[in-house]
Amino acid sequence: MNIVIKRLDHIQICIPIGAEDEARAFYTGVLGFAEIEKPKTLKASGGLWYKIGDIELHIGVENREGYRSKSHPAFEVENIEAVRRYLEEKGVVTQDEKNIPGVTRFSFHDPFHNRIEFLEKQQ
């Protein structure tokens, strides 16, 4: 059997329990992501969901004490240098990533130590 992948549906990252307001301030306020309503069956577990292009970002809650991971979502953006300047003006610390030919990219951490990468492919 061949497993046929149609598309990436969602990415999940996590925040500390009870930090939804702080997450909303960053993901809605700074990044401008559009929050979507979680299904009623999942609301009690906390967290937030966002629609980003044709995928979703699910932000779950968990005990994050001492957590630091290299796992991350990577979002393709337009006008990456302007995006980077905007984030830095908002106090977000960005860092260069190792060079990939034909790709400009950088990463940053959200307030909960989730690493996020933005990239732009040159044509």
# chains A, B, ... in the order shown; residues from 1 in each chain; ligands from 1
>>> residues_around(residues="A:Lys121", least_positions_apart="3", cutoff="9 Å", atoms="only C-alpha atoms", output="VMD selection string")
chain A and resid 76 to 78 102 to 105
>>> residues_around(residues="A:Ala19", least_positions_apart="6", cutoff="10 Å", atoms="only C-alpha atoms", output="PyMOL selection string")
chain A and resi 46-47+61+111-112
>>> select_by_dssp(residues="chain A", states="strand (DSSP E)", output="VMD selection string")
chain A and resid 10 to 16 34 to 36 48 to 52 55 to 62 74 to 76 94 to 96 103 to 109 115 to 121
>>> residues_around(residues="stretch 49-59 of chain A", least_positions_apart="3", cutoff="7 Å", atoms="only C-alpha atoms", output="list in words")
Leu8, Asp9, His10, Ile11, Gln12, Ile13, Cys14, Ile15, Phe33, Ala34, Glu35, Ile36, Glu37 and Lys38 of chain A
>>> closest_residue(among="A:Gly32, A:Pro73, A:Pro16, A:Gly91", to="A:Phe106", atoms="only C-alpha atoms")
A:Pro73
>>> atom_distance(atom1="atom CA of A:Asp96", atom2="atom CA of A:Glu117")
9.8 Å
>>> atom_distance(atom1="atom CA of A:Glu97", atom2="atom CA of A:Gly66")
23.7 Å
>>> select_by_dssp(residues="chain A", states="alpha helix (DSSP H)", output="list in words")
Glu20, Asp21, Glu22, Ala23, Arg24, Lys40, Thr41, Leu42, Lys43, Ile80, Glu81, Ala82, Val83, Arg84, Arg85, Tyr86, Leu87, Glu88 and Glu89 of chain A
>>> atom_distance(atom1="atom CA of A:Lys43", atom2="atom CA of A:His72")
23.8 Å
>>> residues_around(residues="A:Glu20", least_positions_apart="3", cutoff="7 Å", atoms="only C-alpha atoms", output="PDB file with N, CA and C atoms, in the first residue's frame")
ATOM      1  N   ALA A  23      -0.573  33.893  24.869  1.00  0.00           N
ATOM      2  CA  ALA A  23      -0.409  33.338  23.518  1.00  0.00           C
ATOM      3  C   ALA A  23      -1.223  34.143  22.516  1.00  0.00           C
ATOM      4  N   ARG A  24      -2.431  34.484  22.873  1.00  0.00           N
ATOM      5  CA  ARG A  24      -3.301  35.274  21.993  1.00  0.00           C
ATOM      6  C   ARG A  24      -2.655  36.641  21.716  1.00  0.00           C
ATOM      7  N   GLY A  47      -6.124  25.794  25.231  1.00  0.00           N
ATOM      8  CA  GLY A  47      -5.395  26.065  24.002  1.00  0.00           C
ATOM      9  C   GLY A  47      -6.173  26.920  23.019  1.00  0.00           C
ATOM     10  N   LEU A  48      -5.553  27.147  21.873  1.00  0.00           N
ATOM     11  CA  LEU A  48      -6.084  28.010  20.823  1.00  0.00           C
ATOM     12  C   LEU A  48      -5.832  27.373  19.461  1.00  0.00           C
TER      13      LEU A  48
END
>>> residues_around(residues="A:His109", least_positions_apart="5", cutoff="10 Å", atoms="only C-alpha atoms", output="list in words")
His72, Val92, Val93, Thr94, Gln95, Asn114, Arg115, Ile116 and Glu117 of chain A
>>> write_last_selection(atoms="C-alpha atoms", output="PDB file, in the first residue's frame")
ATOM      1  CA  HIS A  72       9.317  23.906  14.819  1.00  0.00           C
ATOM      2  CA  VAL A  92      10.969  39.765  18.917  1.00  0.00           C
ATOM      3  CA  VAL A  93      14.563  38.492  18.834  1.00  0.00           C
ATOM      4  CA  THR A  94      15.322  36.871  15.481  1.00  0.00           C
ATOM      5  CA  GLN A  95      18.254  34.699  14.511  1.00  0.00           C
ATOM      6  CA  ASN A 114       8.514  27.390  20.711  1.00  0.00           C
ATOM      7  CA  ARG A 115      10.847  27.911  17.779  1.00  0.00           C
ATOM      8  CA  ILE A 116       9.209  29.299  14.630  1.00  0.00           C
ATOM      9  CA  GLU A 117      10.868  29.681  11.246  1.00  0.00           C
TER      10      GLU A 117
END
